[in-house]
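Structure file query_37.txt (compact mmCIF, C-alpha atoms and all ligand atoms) is printed below.
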```txt
# COMPACT_ATOMS: atom_id res chain seq x y z
CA MET U 210 0.00 0.00 0.00
CA ALA U 211 2.67 2.51 1.02
CA PRO U 212 4.97 2.00 -2.02
CA LEU U 213 1.91 2.26 -4.25
CA LEU U 214 0.91 5.54 -2.62
CA ASP U 215 4.46 6.85 -3.04
CA LEU U 216 4.50 5.86 -6.70
CA LEU U 217 1.12 7.47 -7.26
CA TRP U 218 2.34 10.63 -5.56
CA GLN U 219 5.60 10.87 -7.47
CA ARG U 220 4.34 9.87 -10.92
CA VAL U 221 0.83 11.28 -11.01
CA LEU U 222 -0.37 13.50 -8.17
CA ARG U 223 2.68 15.68 -7.57
CA PRO U 224 3.27 16.46 -11.28
CA MET U 225 -0.42 17.35 -11.61
CA LEU U 226 -0.47 19.52 -8.50
CA PHE U 227 2.84 21.22 -9.32
CA ARG U 228 1.30 22.42 -12.58
CA LEU U 229 -1.18 24.44 -10.52
CA ASP U 230 -0.48 27.69 -8.72
CA PRO U 231 0.92 26.65 -5.29
CA GLU U 232 -1.93 28.17 -3.31
CA LEU U 233 -4.56 26.61 -5.54
CA ALA U 234 -2.85 23.22 -5.22
CA HIS U 235 -2.83 23.67 -1.45
CA ARG U 236 -6.55 24.45 -1.43
CA VAL U 237 -7.38 21.48 -3.65
CA VAL U 238 -5.43 19.07 -1.43
CA LEU U 239 -6.86 20.46 1.81
CA THR U 240 -10.40 20.22 0.43
CA LEU U 241 -9.80 16.57 -0.47
CA LEU U 242 -8.15 15.83 2.88
CA ALA U 243 -11.00 17.50 4.79
CA GLY U 244 -13.19 14.63 3.57
CA VAL U 245 -10.96 11.88 4.96
CA PRO U 246 -13.02 9.86 7.45
CA VAL U 247 -11.99 9.75 11.09
CA LEU U 248 -9.84 6.63 11.13
CA SER U 249 -6.68 5.92 13.06
CA ALA U 250 -3.47 4.84 11.38
CA PRO U 251 -2.17 1.40 12.37
CA ALA U 252 -0.82 1.43 15.94
CA ASP U 253 2.75 2.65 16.29
CA ASP U 254 5.65 0.57 17.56
CA ALA U 255 5.85 1.22 21.31
CA ALA U 256 9.51 2.24 20.91
CA LEU U 257 8.35 5.43 19.14
CA GLY U 258 6.05 6.53 21.97
CA LEU U 259 6.90 9.13 24.57
CA GLU U 260 5.43 11.04 27.52
CA LEU U 261 5.59 14.81 27.45
CA TRP U 262 3.81 17.32 29.66
CA GLY U 263 1.97 14.43 31.29
CA MET U 264 0.60 13.23 27.94
CA ARG U 265 1.31 10.26 25.74
CA PHE U 266 2.48 10.85 22.16
CA ALA U 267 2.22 7.66 20.06
CA ASN U 268 5.17 8.83 17.98
CA PRO U 269 7.32 11.97 17.88
CA LEU U 270 6.36 13.14 14.39
CA GLY U 271 4.01 16.07 13.93
CA LEU U 272 2.57 18.30 11.24
CA ALA U 273 4.09 21.79 11.46
CA ALA U 274 1.98 24.94 11.72
CA GLY U 275 0.79 26.65 8.57
CA LEU U 276 -0.35 23.70 6.47
CA ASP U 277 -3.67 23.37 8.26
CA LYS U 278 -4.07 26.92 9.52
CA ASP U 279 -7.80 26.64 10.19
CA ALA U 280 -8.02 23.04 11.45
CA ALA U 281 -9.79 22.03 8.23
CA ALA U 282 -8.42 18.48 7.86
CA VAL U 283 -7.44 17.20 11.30
CA ALA U 284 -8.70 13.63 10.70
CA ALA U 285 -6.35 13.35 7.73
CA TRP U 286 -3.27 14.07 9.88
CA GLN U 287 -4.33 11.33 12.24
CA ARG U 288 -4.89 8.97 9.29
CA LEU U 289 -1.46 9.76 7.78
CA GLY U 290 0.16 8.52 10.98
CA PHE U 291 1.32 11.73 12.62
CA GLY U 292 1.70 11.58 16.40
CA PHE U 293 0.36 15.13 16.64
CA ALA U 294 -0.53 18.14 14.52
CA GLU U 295 -0.02 21.84 15.13
CA VAL U 296 -2.86 23.84 13.60
CA GLY U 297 -2.71 27.61 13.02
CA THR U 298 -1.42 30.22 13.17
CA ILE U 299 -4.89 31.23 14.34
CA THR U 300 -5.59 34.92 14.95
CA PRO U 301 -8.46 36.33 17.05
CA ARG U 302 -10.28 37.83 14.08
CA PRO U 303 -10.52 36.47 10.51
CA GLN U 304 -8.13 38.15 8.07
CA PRO U 305 -7.23 37.77 4.38
CA GLY U 306 -3.43 37.69 4.74
CA ASN U 307 -0.99 39.44 2.42
CA PRO U 308 -1.70 40.23 -1.25
CA ARG U 309 -0.94 37.50 -3.81
CA PRO U 310 1.33 36.06 -5.06
CA ARG U 311 2.57 34.96 -1.68
CA LEU U 312 3.69 31.33 -2.01
CA TRP U 313 6.41 29.97 -4.29
CA ARG U 314 7.94 26.53 -4.91
CA LEU U 315 11.69 26.13 -5.34
CA PRO U 316 11.79 22.50 -6.54
CA GLU U 317 15.51 22.56 -7.25
CA HIS U 318 16.04 23.22 -3.53
CA ARG U 319 13.09 21.17 -2.24
CA ALA U 320 12.01 24.41 -0.60
CA LEU U 321 9.14 26.88 -0.39
CA ILE U 322 9.04 30.62 0.16
CA ASN U 323 5.92 32.13 1.66
CA ARG U 324 4.73 35.48 2.85
CA LEU U 325 1.15 34.45 3.55
CA GLY U 326 0.71 36.64 6.62
CA PHE U 327 -1.71 34.42 8.59
CA PRO U 328 -4.77 34.27 6.33
CA GLY U 329 -7.43 32.50 8.33
CA VAL U 330 -10.99 32.14 9.55
CA GLY U 331 -10.21 33.51 13.03
CA MET U 332 -10.47 31.90 16.45
CA GLU U 333 -14.26 31.57 16.69
CA ALA U 334 -14.64 29.53 13.52
CA ALA U 335 -11.48 27.56 14.30
CA ALA U 336 -12.73 26.76 17.81
CA LYS U 337 -15.96 25.39 16.38
CA ARG U 338 -14.04 23.18 13.96
CA LEU U 339 -11.78 21.85 16.70
CA THR U 340 -14.78 21.05 18.87
CA ARG U 341 -16.38 19.24 15.94
CA TRP U 342 -13.26 17.14 15.26
CA ARG U 343 -13.16 16.02 18.86
CA ALA U 344 -16.88 15.20 18.81
CA ARG U 345 -16.29 13.07 15.70
CA GLY U 346 -13.66 11.03 17.52
CA VAL U 347 -10.36 12.57 16.44
CA SER U 348 -7.97 11.67 19.25
CA LEU U 349 -4.78 13.06 17.72
CA ARG U 350 -2.68 15.25 20.00
CA LEU U 351 -3.26 18.84 18.89
CA GLY U 352 -1.11 21.89 19.23
CA VAL U 353 -2.76 25.22 18.55
CA ASN U 354 -0.46 27.94 17.24
CA ILE U 355 -1.69 31.48 17.94
CA GLY U 356 -0.66 34.95 16.80
CA PRO U 357 -1.93 38.51 16.62
CA ASN U 358 -3.94 40.03 13.79
CA LYS U 359 -1.93 42.08 11.35
CA ASP U 360 -3.77 45.32 12.13
CA THR U 361 -3.44 44.97 15.91
CA PRO U 362 -1.28 47.81 17.25
CA PRO U 363 1.76 46.72 19.32
CA ALA U 364 0.11 47.87 22.57
CA ARG U 365 -2.74 45.39 21.97
CA VAL U 366 -0.78 42.33 20.83
CA ALA U 367 -0.85 40.86 24.35
CA ASP U 368 -4.66 41.16 24.29
CA ASP U 369 -4.77 39.17 21.04
CA ILE U 370 -2.56 36.45 22.49
CA ALA U 371 -4.61 36.32 25.68
CA ALA U 372 -7.90 36.14 23.76
CA ALA U 373 -6.73 33.38 21.43
CA ALA U 374 -5.19 31.35 24.28
CA GLN U 375 -8.36 31.64 26.31
CA ARG U 376 -10.68 30.68 23.45
CA LEU U 377 -8.57 27.88 21.99
CA GLY U 378 -6.75 26.60 25.09
CA PRO U 379 -9.59 24.28 26.17
CA MET U 380 -9.38 22.33 22.91
CA ALA U 381 -5.59 22.24 22.67
CA ASP U 382 -3.09 19.74 24.06
CA PHE U 383 -0.56 22.56 23.90
CA ILE U 384 -0.47 26.18 22.80
CA VAL U 385 2.32 27.72 20.72
CA VAL U 386 2.81 31.48 20.80
CA ASN U 387 4.15 32.42 17.40
CA VAL U 388 6.53 35.37 17.63
CA SER U 389 8.70 34.29 14.73
CA SER U 390 6.78 34.53 11.47
CA PRO U 391 8.64 36.97 9.20
CA ASN U 392 5.41 37.94 7.42
CA THR U 393 3.60 39.97 10.07
CA PRO U 394 5.37 43.33 10.51
CA GLY U 395 7.03 43.69 13.92
CA LEU U 396 6.11 40.17 15.11
CA ARG U 397 9.68 38.94 15.48
CA ASP U 398 10.53 41.89 17.71
CA TRP U 399 8.53 40.14 20.45
CA GLN U 400 11.31 37.58 20.72
CA ALA U 401 13.58 40.12 22.44
CA PRO U 402 13.73 39.16 26.15
CA ASP U 403 12.18 42.39 27.53
CA HIS U 404 9.41 42.33 24.94
CA LEU U 405 8.74 38.63 25.42
CA ARG U 406 8.54 39.08 29.20
CA ASP U 407 6.18 42.00 28.78
CA LEU U 408 4.02 40.10 26.28
CA ILE U 409 3.73 36.93 28.36
CA GLN U 410 3.21 38.71 31.66
CA ARG U 411 0.41 40.77 30.17
CA ALA U 412 -1.19 37.97 28.17
CA PHE U 413 -1.03 35.43 31.00
CA ALA U 414 -1.08 37.82 33.95
CA GLY U 415 -3.09 35.68 36.35
CA ARG U 416 -1.07 32.57 35.81
CA VAL U 417 2.30 34.26 36.14
CA ALA U 418 1.31 36.30 39.19
CA SER U 419 0.01 33.21 40.97
CA GLY U 420 3.46 31.69 40.69
CA ALA U 421 1.94 28.64 39.07
CA SER U 422 3.59 27.14 36.08
CA ILE U 423 1.90 28.71 33.09
CA ASN U 424 1.05 25.29 31.81
CA ARG U 425 -2.65 24.52 31.44
CA PRO U 426 -2.43 23.66 28.60
CA PRO U 427 1.36 23.62 28.20
CA LEU U 428 2.63 26.86 26.68
CA LEU U 429 5.36 26.93 24.06
CA VAL U 430 7.05 29.70 22.12
CA LYS U 431 8.15 29.39 18.50
CA LEU U 432 11.49 30.94 17.56
CA ALA U 433 13.08 32.12 14.32
CA PRO U 434 16.23 30.58 12.89
CA ASP U 435 17.64 34.04 12.23
CA LEU U 436 18.79 34.74 15.79
CA ASP U 437 22.48 34.81 16.66
CA SER U 438 23.98 32.86 19.55
CA GLU U 439 23.86 35.79 21.95
CA GLN U 440 20.20 36.47 21.20
CA LEU U 441 19.35 32.78 21.55
CA ARG U 442 21.11 32.55 24.90
CA ALA U 443 19.22 35.56 26.24
CA ILE U 444 15.88 34.33 24.91
CA CYS U 445 16.39 30.87 26.41
CA ALA U 446 17.10 32.43 29.81
CA THR U 447 13.87 34.42 29.56
CA VAL U 448 11.90 31.39 28.40
CA MET U 449 13.03 29.53 31.52
CA GLU U 450 12.34 32.51 33.76
CA LEU U 451 8.80 32.73 32.35
CA ARG U 452 8.41 28.99 32.82
CA PHE U 453 7.41 28.17 29.30
CA ASP U 454 6.82 24.46 28.87
CA GLY U 455 8.56 24.14 25.54
CA ILE U 456 10.21 25.78 22.54
CA VAL U 457 9.44 25.22 18.87
CA ALA U 458 12.61 25.67 16.80
CA THR U 459 12.39 26.91 14.11
CA ASN U 460 10.13 28.99 11.92
CA THR U 461 11.07 29.89 8.31
CA THR U 462 14.24 31.85 7.54
CA LEU U 463 14.85 35.19 5.85
CA ALA U 464 18.32 33.97 4.85
CA ARG U 465 18.96 33.17 1.18
CA GLU U 466 22.60 33.09 0.10
CA ALA U 467 23.74 31.96 3.57
CA VAL U 468 21.68 28.80 3.07
CA GLY U 469 22.65 28.34 -0.58
CA VAL U 470 19.53 29.78 -2.20
CA ARG U 471 19.32 32.55 -4.80
CA SER U 472 15.82 33.91 -5.01
CA ASP U 473 14.18 37.31 -5.09
CA HIS U 474 10.88 36.11 -3.66
CA PRO U 475 10.12 37.83 -0.37
CA GLY U 476 9.15 35.97 2.80
CA GLY U 477 10.16 32.95 4.82
CA LEU U 478 12.13 30.08 3.31
CA SER U 479 11.41 26.51 4.42
CA GLY U 480 12.52 23.02 3.45
CA GLN U 481 15.89 21.45 2.80
CA PRO U 482 18.03 24.63 2.83
CA LEU U 483 16.75 25.39 6.35
CA ARG U 484 17.64 22.02 7.85
CA ALA U 485 21.21 22.66 9.00
CA ARG U 486 20.37 26.03 10.53
CA ALA U 487 17.28 24.66 12.29
CA ARG U 488 19.36 21.82 13.70
CA ALA U 489 22.03 24.21 14.94
CA VAL U 490 19.36 26.26 16.71
CA ILE U 491 17.83 23.12 18.26
CA GLY U 492 21.28 22.22 19.57
CA GLU U 493 21.92 25.69 20.96
CA VAL U 494 18.53 25.85 22.63
CA TYR U 495 19.10 22.42 24.15
CA ARG U 496 22.44 23.54 25.57
CA HIS U 497 21.19 26.88 26.85
CA THR U 498 18.25 25.21 28.59
CA GLU U 499 20.39 22.26 29.73
CA GLY U 500 17.86 19.87 28.24
CA ARG U 501 15.27 20.96 30.80
CA ILE U 502 12.65 22.30 28.37
CA PRO U 503 11.23 20.05 25.66
CA ILE U 504 12.01 21.24 22.14
CA ILE U 505 9.89 20.64 19.06
CA GLY U 506 12.44 20.55 16.23
CA VAL U 507 11.25 21.72 12.82
CA GLY U 508 12.94 22.73 9.59
CA GLY U 509 13.90 20.73 6.52
CA VAL U 510 12.77 17.30 7.67
CA ALA U 511 12.08 15.02 4.69
CA SER U 512 13.48 11.65 5.82
CA ALA U 513 14.01 9.47 8.86
CA GLU U 514 17.65 10.58 8.98
CA ASP U 515 16.57 14.21 9.05
CA ALA U 516 14.14 13.57 11.92
CA TRP U 517 16.75 11.50 13.75
CA GLY U 518 19.29 14.33 13.43
CA HIS U 519 16.88 16.83 15.01
CA LEU U 520 16.13 14.39 17.86
CA CYS U 521 19.81 13.74 18.51
CA ALA U 522 20.44 17.50 18.53
CA GLY U 523 17.93 17.85 21.36
CA ALA U 524 14.38 17.80 20.01
CA SER U 525 11.80 15.68 21.86
CA LEU U 526 9.31 15.96 19.00
CA VAL U 527 9.86 16.73 15.32
CA GLU U 528 7.55 18.48 12.86
CA LEU U 529 7.50 18.92 9.12
CA TYR U 530 5.65 20.88 6.46
CA THR U 531 7.66 21.37 3.25
CA GLY U 532 8.84 17.74 3.20
CA LEU U 533 5.25 16.61 2.88
CA ILE U 534 4.74 18.78 -0.22
CA TYR U 535 7.68 17.19 -2.01
CA GLU U 536 7.60 13.65 -0.62
CA GLY U 537 3.85 13.11 -0.36
CA PRO U 538 1.45 11.50 2.09
CA GLY U 539 3.55 8.33 2.53
CA LEU U 540 6.27 10.36 4.25
CA PRO U 541 5.15 10.07 7.90
CA GLY U 542 4.97 6.26 7.61
CA ARG U 543 8.37 6.10 5.93
CA ILE U 544 9.94 8.30 8.58
CA LYS U 545 8.51 6.17 11.38
CA ASP U 546 9.77 2.94 9.77
CA GLY U 547 13.17 4.54 9.32
CA LEU U 548 13.27 5.76 12.91
CA ILE U 549 12.63 2.23 14.18
CA ALA U 550 15.46 0.94 11.99
CA LEU U 551 17.76 3.67 13.34
CA LEU U 552 16.78 2.83 16.93
CA ARG U 553 17.67 -0.81 16.34
CA ARG U 554 20.94 0.06 14.63
CA GLU U 555 21.96 2.27 17.56
CA GLY U 556 20.82 -0.27 20.15
CA HIS U 557 18.18 1.97 21.75
CA ALA U 558 14.96 0.57 23.17
CA SER U 559 13.07 3.87 22.95
CA ILE U 560 13.09 7.07 20.94
CA THR U 561 13.55 8.98 24.18
CA GLN U 562 17.09 7.63 24.37
CA ALA U 563 18.03 9.48 21.20
CA ILE U 564 16.98 12.92 22.47
CA GLY U 565 20.00 15.16 22.78
CA ILE U 566 22.60 12.39 22.54
CA GLN U 567 24.76 14.54 20.34
CA GLN U 568 25.01 17.17 23.06
CA PRO U 569 27.53 17.54 25.85
CA THR U 570 24.67 17.66 28.36
CA ALA U 571 23.35 14.28 27.21
CA GLY U 572 21.17 12.68 29.83
CA ALA U 573 20.16 15.96 31.48
CA GLY U 574 16.48 16.37 32.19
C1 LIG T 601 3.38 27.98 3.39
C2 LIG T 601 3.83 28.00 4.82
C3 LIG T 601 3.04 28.60 5.78
C4 LIG T 601 3.45 28.61 7.12
N1 LIG T 601 2.64 29.19 8.05
C5 LIG T 601 3.01 29.17 9.35
C6 LIG T 601 2.17 29.70 10.35
O1 LIG T 601 1.05 30.16 10.09
N2 LIG T 601 2.61 29.71 11.63
C7 LIG T 601 3.83 29.18 11.98
O2 LIG T 601 4.18 29.19 13.16
N3 LIG T 601 4.64 28.64 11.06
C8 LIG T 601 4.27 28.61 9.76
N4 LIG T 601 5.09 28.06 8.83
C9 LIG T 601 6.41 27.52 9.24
C10 LIG T 601 6.40 26.02 9.47
O3 LIG T 601 5.57 25.68 10.55
C11 LIG T 601 7.82 25.52 9.77
O4 LIG T 601 8.28 26.13 10.95
C12 LIG T 601 8.80 25.83 8.65
O5 LIG T 601 8.18 25.72 7.39
C13 LIG T 601 10.00 24.90 8.67
O6 LIG T 601 9.61 23.56 8.51
P1 LIG T 601 9.67 22.78 7.08
O7 LIG T 601 11.05 23.01 6.54
O8 LIG T 601 9.41 21.35 7.43
O9 LIG T 601 8.63 23.37 6.24
C14 LIG T 601 4.69 28.01 7.50
C15 LIG T 601 5.46 27.40 6.51
C16 LIG T 601 5.06 27.37 5.20
C17 LIG T 601 5.93 26.69 4.16
```
Step by step, read the file and then write its structure as structure tokens.
Amino acid sequence: MAPLLDLLWQRVLRPMLFRLDPELAHRVVLTLLAGVPVLSAPADDAALGLELWGMRFANPLGLAAGLDKDAAAVAAWQRLGFGFAEVGTITPRPQPGNPRPRLWRLPEHRALINRLGFPGVGMEAAAKRLTRWRARGVSLRLGVNIGPNKDTPPARVADDIAAAAQRLGPMADFIVVNVSSPNTPGLRDWQAPDHLRDLIQRAFAGRVASGASINRPPLLVKLAPDLDSEQLRAICATVMELRFDGIVATNTTLAREAVGVRSDHPGGLSGQPLRARARAVIGEVYRHTEGRIPIIGVGGVASAEDAWGHLCAGASLVELYTGLIYEGPGLPGRIKDGLIALLRREGHASITQAIGIQQPTAGAG
């Protein structure tokens, strides 16, 4: 079944879809996937399972934010064998996103460039969809990625984050605060320690003031790959001070020539050229946090070896987006099979034993 699906993807579906405008292709696929019935994938090998934030993940592989911004096709992610999916970025109010064109394929690099700017149905419609998926029996672990509306003035961004977290928190297994998309003006500035502290203290005032861990549901922050070591060190210190429960590393990059890509398209670059940088950031974050805060590693994952590399650098979970566009729906299954083979080769009984093994602080946390 799986090789047939791969063949169908490579020989028929991908060539057909790649003839369409990228956004149209995306819409066509999402519309088809939205109709996938609520069925679970075959059970995962127990060696791939792990406990995080008091929850069981059947496997460490997740769908990255941005592909299913409005939670339109959650059953499909469960059916494809993901251990979790991150929907969003969801904003409080619906918004159209940036003018088109705003999404480009770079097949020679197995990459995408986007400057979508969070188009979406807004938190009310998204909340209804999430409630409906749960009612229909979707049991997949779900992260909900939230961000501010484009027209929200800086002084009100904390209100947007608070509103989205409050509305969507009850249906999320974890919340990701996105302060790293390059396509919403000023958003990345919130990564600076003083700004991040201000944002989180205002958005989650009650929880921080009570001294409780701000973790119902667990709260993560998503970082950009375009931060230098000094910035990363300072941000990690602040993330620990604010008692975030996790870090998603990384979002898309603004780099081009530094990652071997020549392109004039504006926006965030994802896929293969991002992989090395994302892995370096995962490693740095792991070291700065001494392995005490779970990391979701994302950027350029398109094979079991890629996922394994992110885990060994310090990620507890791994996500992908662009890899799925190029490799097709058989990819999650292939990655899981490959991870089991890698576990056996390395003599590990569980995926948790691979986390951070390439770091000097191996075994911490
Ligand atoms: C078209 C597109 C849209 C994206 N939208 C979002 C988004 O809304 N929120 C977010 O946090 N990340 C978004 N991302 C970033 C991905 O979640 C991921 O961090 C990045 O693409 C790197 O992973 P990849 O190389 O596997 O694609 C988007 C990526 C792409 C390609």
For a quick check of understanding, using only C-alpha atoms, which of U:Leu533, U:Leu463, U:Ile322, U:Leu432 has the smallest distance to U:Val490?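 Counting only C-alpha atoms, the residue closest to U:Val490 is U:Leu432.
Take the candidates U:Leu429, U:Ala485, U:Ala274, U:Val296 and check each one against ligand LIG 601 (chain T) using all atoms listed in the file; the shortest distance goes to U:Ala274.
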Two-atom distance - atom CA of U:Arg265, atom CA of U:Tyr495 (Å): 21.6 Å
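Counting all atoms listed in the file, stretch 346-348 of chain U has the following residues at most 7 Å away, ignoring those fewer than 3 positions along the same chain: Val247, Ala284, Trp342 and Arg343 of chain U.
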Counting all atoms listed in the file, the option among U:Asp435, U:Asp398, U:Glu317, U:Glu295 closest to ligand LIG 601 (chain T):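 Nearest candidate to ligand LIG 601 (chain T) out of U:Asp435, U:Asp398, U:Glu317, U:Glu295: U:Glu295.
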